[in-house]
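What follows is the content of entry_0.txt (compact mmCIF, N, CA and C atoms).
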# COMPACT_ATOMS: atom_id res chain seq x y z
N MET I 1 0.85 -1.18 0.00
CA MET I 1 0.00 0.00 0.00
C MET I 1 0.90 1.24 0.00
N SER I 2 0.65 2.16 -0.92
CA SER I 2 1.46 3.38 -1.02
C SER I 2 1.15 4.33 0.13
N SER I 3 2.03 5.30 0.34
CA SER I 3 1.80 6.27 1.40
C SER I 3 0.56 7.12 1.10
N LEU I 4 0.30 7.40 -0.18
CA LEU I 4 -0.90 8.15 -0.55
C LEU I 4 -2.14 7.32 -0.25
N ASP I 5 -2.08 6.03 -0.56
CA ASP I 5 -3.20 5.13 -0.28
C ASP I 5 -3.44 5.03 1.23
N GLN I 6 -2.38 4.97 2.02
CA GLN I 6 -2.50 4.93 3.47
C GLN I 6 -3.14 6.22 3.98
N SER I 7 -2.76 7.34 3.38
CA SER I 7 -3.33 8.63 3.76
C SER I 7 -4.82 8.67 3.46
N VAL I 8 -5.21 8.17 2.29
CA VAL I 8 -6.63 8.14 1.91
C VAL I 8 -7.41 7.29 2.91
N MET I 9 -6.91 6.09 3.21
CA MET I 9 -7.59 5.20 4.14
C MET I 9 -7.73 5.84 5.52
N ALA I 10 -6.68 6.49 5.99
CA ALA I 10 -6.73 7.16 7.29
C ALA I 10 -7.77 8.28 7.29
N ARG I 11 -7.86 9.03 6.22
CA ARG I 11 -8.84 10.13 6.12
C ARG I 11 -10.27 9.60 6.07
N ILE I 12 -10.46 8.47 5.44
CA ILE I 12 -11.79 7.85 5.43
C ILE I 12 -12.15 7.41 6.85
N GLN I 13 -11.23 6.74 7.51
CA GLN I 13 -11.51 6.18 8.83
C GLN I 13 -11.74 7.26 9.89
N CYS I 14 -11.11 8.43 9.73
CA CYS I 14 -11.33 9.49 10.72
C CYS I 14 -12.44 10.46 10.30
N GLY I 15 -13.06 10.23 9.13
CA GLY I 15 -14.20 11.03 8.72
C GLY I 15 -13.90 12.25 7.88
N VAL I 16 -12.64 12.49 7.54
CA VAL I 16 -12.30 13.63 6.69
C VAL I 16 -12.83 13.40 5.28
N LEU I 17 -12.68 12.18 4.78
CA LEU I 17 -13.28 11.79 3.50
C LEU I 17 -14.46 10.88 3.79
N PRO I 18 -15.59 11.08 3.14
CA PRO I 18 -16.78 10.25 3.39
C PRO I 18 -16.55 8.79 3.03
N LYS I 19 -17.35 7.92 3.66
CA LYS I 19 -17.27 6.48 3.42
C LYS I 19 -18.18 6.04 2.29
N SER I 20 -18.83 6.99 1.65
CA SER I 20 -19.68 6.64 0.51
C SER I 20 -19.55 7.72 -0.56
N ILE I 21 -19.74 7.29 -1.79
CA ILE I 21 -19.68 8.20 -2.93
C ILE I 21 -21.00 8.05 -3.67
N THR I 22 -21.77 9.12 -3.71
CA THR I 22 -23.09 9.03 -4.33
C THR I 22 -23.11 9.53 -5.77
N GLY I 23 -22.16 10.36 -6.12
CA GLY I 23 -22.12 10.88 -7.49
C GLY I 23 -20.84 11.65 -7.72
N ALA I 24 -20.41 11.68 -8.95
CA ALA I 24 -19.19 12.40 -9.30
C ALA I 24 -19.33 12.97 -10.70
N TRP I 25 -18.71 14.11 -10.91
CA TRP I 25 -18.71 14.76 -12.21
C TRP I 25 -17.27 14.94 -12.65
N VAL I 26 -17.01 14.74 -13.91
CA VAL I 26 -15.66 14.81 -14.45
C VAL I 26 -15.55 15.96 -15.43
N GLY I 27 -14.46 16.69 -15.34
CA GLY I 27 -14.21 17.78 -16.27
C GLY I 27 -12.75 18.18 -16.23
N ARG I 28 -12.45 19.32 -16.83
CA ARG I 28 -11.07 19.84 -16.81
C ARG I 28 -10.81 20.54 -15.48
N GLY I 29 -9.57 20.48 -15.06
CA GLY I 29 -9.17 21.16 -13.82
C GLY I 29 -9.47 22.64 -13.87
N ARG I 30 -9.87 23.18 -12.71
CA ARG I 30 -10.21 24.61 -12.62
C ARG I 30 -9.38 25.34 -11.58
N GLY I 31 -8.27 24.71 -11.16
CA GLY I 31 -7.38 25.40 -10.22
C GLY I 31 -7.64 25.10 -8.77
N GLY I 32 -8.56 24.19 -8.47
CA GLY I 32 -8.81 23.82 -7.08
C GLY I 32 -7.75 22.86 -6.57
N ARG I 33 -7.67 22.73 -5.26
CA ARG I 33 -6.71 21.81 -4.64
C ARG I 33 -7.37 20.45 -4.44
N CYS I 34 -6.64 19.41 -4.80
CA CYS I 34 -7.12 18.04 -4.65
C CYS I 34 -7.34 17.72 -3.17
N ALA I 35 -8.47 17.13 -2.85
CA ALA I 35 -8.81 16.79 -1.47
C ALA I 35 -7.93 15.67 -0.91
N VAL I 36 -7.20 14.98 -1.76
CA VAL I 36 -6.33 13.90 -1.30
C VAL I 36 -4.87 14.37 -1.21
N CYS I 37 -4.31 14.83 -2.32
CA CYS I 37 -2.88 15.16 -2.34
C CYS I 37 -2.60 16.65 -2.14
N HIS I 38 -3.62 17.49 -2.18
CA HIS I 38 -3.52 18.94 -1.96
C HIS I 38 -2.75 19.69 -3.05
N VAL I 39 -2.53 19.06 -4.19
CA VAL I 39 -1.87 19.71 -5.32
C VAL I 39 -2.94 20.33 -6.20
N VAL I 40 -2.65 21.51 -6.74
CA VAL I 40 -3.60 22.21 -7.61
C VAL I 40 -3.89 21.36 -8.85
N ILE I 41 -5.16 21.29 -9.24
CA ILE I 41 -5.58 20.57 -10.43
C ILE I 41 -5.65 21.57 -11.57
N ARG I 42 -4.70 21.51 -12.46
CA ARG I 42 -4.58 22.48 -13.54
C ARG I 42 -5.50 22.13 -14.71
N SER I 43 -5.71 23.10 -15.58
CA SER I 43 -6.65 22.98 -16.69
C SER I 43 -6.45 21.77 -17.59
N PRO I 44 -5.24 21.40 -17.98
CA PRO I 44 -5.17 20.22 -18.86
C PRO I 44 -5.47 18.91 -18.14
N ASP I 45 -5.42 18.91 -16.80
CA ASP I 45 -5.66 17.68 -16.03
C ASP I 45 -7.14 17.43 -15.85
N THR I 46 -7.49 16.18 -15.65
CA THR I 46 -8.88 15.80 -15.37
C THR I 46 -9.17 16.04 -13.89
N GLU I 47 -10.31 16.65 -13.63
CA GLU I 47 -10.77 16.91 -12.27
C GLU I 47 -12.06 16.13 -12.05
N VAL I 48 -12.15 15.48 -10.90
CA VAL I 48 -13.38 14.80 -10.52
C VAL I 48 -13.97 15.58 -9.35
N GLU I 49 -15.21 16.03 -9.51
CA GLU I 49 -15.88 16.80 -8.46
C GLU I 49 -16.94 15.92 -7.81
N VAL I 50 -16.96 15.96 -6.49
CA VAL I 50 -17.89 15.15 -5.71
C VAL I 50 -18.57 16.06 -4.69
N GLU I 51 -19.87 15.88 -4.52
CA GLU I 51 -20.59 16.60 -3.47
C GLU I 51 -21.25 15.57 -2.58
N VAL I 52 -20.89 15.62 -1.29
CA VAL I 52 -21.44 14.70 -0.31
C VAL I 52 -21.84 15.51 0.91
N GLU I 53 -23.09 15.36 1.34
CA GLU I 53 -23.58 16.05 2.54
C GLU I 53 -23.27 17.55 2.49
N SER I 54 -23.58 18.17 1.38
CA SER I 54 -23.39 19.61 1.17
C SER I 54 -21.94 20.05 1.17
N ARG I 55 -21.02 19.11 1.10
CA ARG I 55 -19.60 19.45 0.99
C ARG I 55 -19.15 19.10 -0.42
N ARG I 56 -18.34 19.97 -1.00
CA ARG I 56 -17.82 19.76 -2.35
C ARG I 56 -16.33 19.49 -2.26
N GLY I 57 -15.88 18.52 -3.00
CA GLY I 57 -14.46 18.23 -3.07
C GLY I 57 -14.06 17.97 -4.50
N VAL I 58 -12.84 18.32 -4.82
CA VAL I 58 -12.31 18.03 -6.15
C VAL I 58 -11.07 17.15 -5.99
N PHE I 59 -10.86 16.30 -6.98
CA PHE I 59 -9.80 15.30 -6.92
C PHE I 59 -9.15 15.17 -8.28
N HIS I 60 -7.86 14.85 -8.28
CA HIS I 60 -7.24 14.34 -9.51
C HIS I 60 -7.90 13.00 -9.80
N GLN I 61 -7.93 12.61 -11.03
CA GLN I 61 -8.55 11.32 -11.39
C GLN I 61 -7.91 10.17 -10.60
N ALA I 62 -6.58 10.13 -10.53
CA ALA I 62 -5.89 9.05 -9.83
C ALA I 62 -6.20 9.06 -8.33
N CYS I 63 -6.28 10.24 -7.74
CA CYS I 63 -6.59 10.35 -6.31
C CYS I 63 -8.03 9.92 -6.04
N PHE I 64 -8.94 10.32 -6.91
CA PHE I 64 -10.33 9.88 -6.79
C PHE I 64 -10.41 8.36 -6.87
N ASN I 65 -9.66 7.78 -7.81
CA ASN I 65 -9.68 6.32 -7.96
C ASN I 65 -9.20 5.62 -6.70
N LEU I 66 -8.17 6.16 -6.04
CA LEU I 66 -7.72 5.59 -4.76
C LEU I 66 -8.82 5.64 -3.72
N TRP I 67 -9.47 6.81 -3.60
CA TRP I 67 -10.55 6.97 -2.63
C TRP I 67 -11.69 6.01 -2.94
N ARG I 68 -12.12 5.97 -4.20
CA ARG I 68 -13.21 5.07 -4.61
C ARG I 68 -12.87 3.62 -4.30
N ASP I 69 -11.65 3.20 -4.61
CA ASP I 69 -11.26 1.82 -4.36
C ASP I 69 -11.21 1.50 -2.87
N ASP I 70 -10.74 2.46 -2.06
CA ASP I 70 -10.70 2.23 -0.61
C ASP I 70 -12.11 2.19 -0.02
N VAL I 71 -13.02 3.01 -0.52
CA VAL I 71 -14.41 2.97 -0.07
C VAL I 71 -15.01 1.60 -0.39
N ALA I 72 -14.75 1.10 -1.59
CA ALA I 72 -15.26 -0.22 -1.99
C ALA I 72 -14.65 -1.32 -1.11
N ARG I 73 -13.35 -1.22 -0.84
CA ARG I 73 -12.68 -2.21 0.00
C ARG I 73 -13.27 -2.21 1.41
N LEU I 74 -13.50 -1.04 1.96
CA LEU I 74 -14.10 -0.96 3.30
C LEU I 74 -15.51 -1.53 3.32
N GLY I 75 -16.28 -1.27 2.26
CA GLY I 75 -17.63 -1.82 2.16
C GLY I 75 -17.61 -3.33 2.08
N ALA I 76 -16.68 -3.89 1.33
CA ALA I 76 -16.57 -5.35 1.21
C ALA I 76 -16.16 -5.96 2.55
N GLN I 77 -15.26 -5.31 3.27
CA GLN I 77 -14.84 -5.82 4.57
C GLN I 77 -15.99 -5.79 5.57
N ALA I 78 -16.80 -4.73 5.51
CA ALA I 78 -17.95 -4.63 6.41
C ALA I 78 -18.97 -5.72 6.14
N GLN I 79 -19.15 -6.07 4.89
CA GLN I 79 -20.13 -7.12 4.53
C GLN I 79 -19.63 -8.49 4.96
N GLU I 80 -18.30 -8.70 4.97
CA GLU I 80 -17.74 -9.98 5.37
C GLU I 80 -17.82 -10.18 6.88
N SER I 81 -17.88 -9.09 7.63
CA SER I 81 -17.90 -9.18 9.09
C SER I 81 -19.24 -9.61 9.64
When written as structure tokens, how does the structure in this file appear?
Amino acid sequence: MSSLDQSVMARIQCGVLPKSITGAWVGRGRGGRCAVCHVVIRSPDTEVEVEVESRRGVFHQACFNLWRDDVARLGAQAQES
């Protein structure tokens, strides 16, 4: 598990990142900071925007994929328990 992946998992477990994803929109970067790596998402890059519980977050595509995969992994572990 990469350090970024560990960071994502820790943020999910402490509630900084939600444990569910209800919808996402994809477009070009608009200069916002990624909710995972905190690096600015520039115009040529893909930005994924998510709104959960009236909070909006933007992510690099790769960072969003890490979050999505960790949410799925946590859901599968919960179902096995």
What is the atom CA of Val58 of chain I-atom CA of Cys34 of chain I distance in Å, reported with one decimal?
5.4 Å
Which of segment 13-81 of chain I counts as alpha helix (DSSP H) under DSSP, as a list in words please?
Gln13, Gln61, Ala62, Cys63, Phe64, Asn65, Leu66, Trp67, Arg68, Asp69, Asp70, Val71, Ala72, Arg73, Leu74, Gly75, Ala76, Gln77, Ala78, Gln79 and Glu80 of chain I
Could you check which of I:Val71, I:Arg30, I:Glu80, I:Ser43 is closest to Val8 of chain I, using all atoms listed in the file?
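Closest candidate: I:Val71.
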As an exercise, work out the distance from atom C of Ser54 of chain I to atom C of Ala76 of chain I in Å and give it to one decimal place.
26.7 Å
What is the atom C of Pro44 of chain I-atom C of Ala10 of chain I distance in Å, reported with one decimal?
27.7 Å
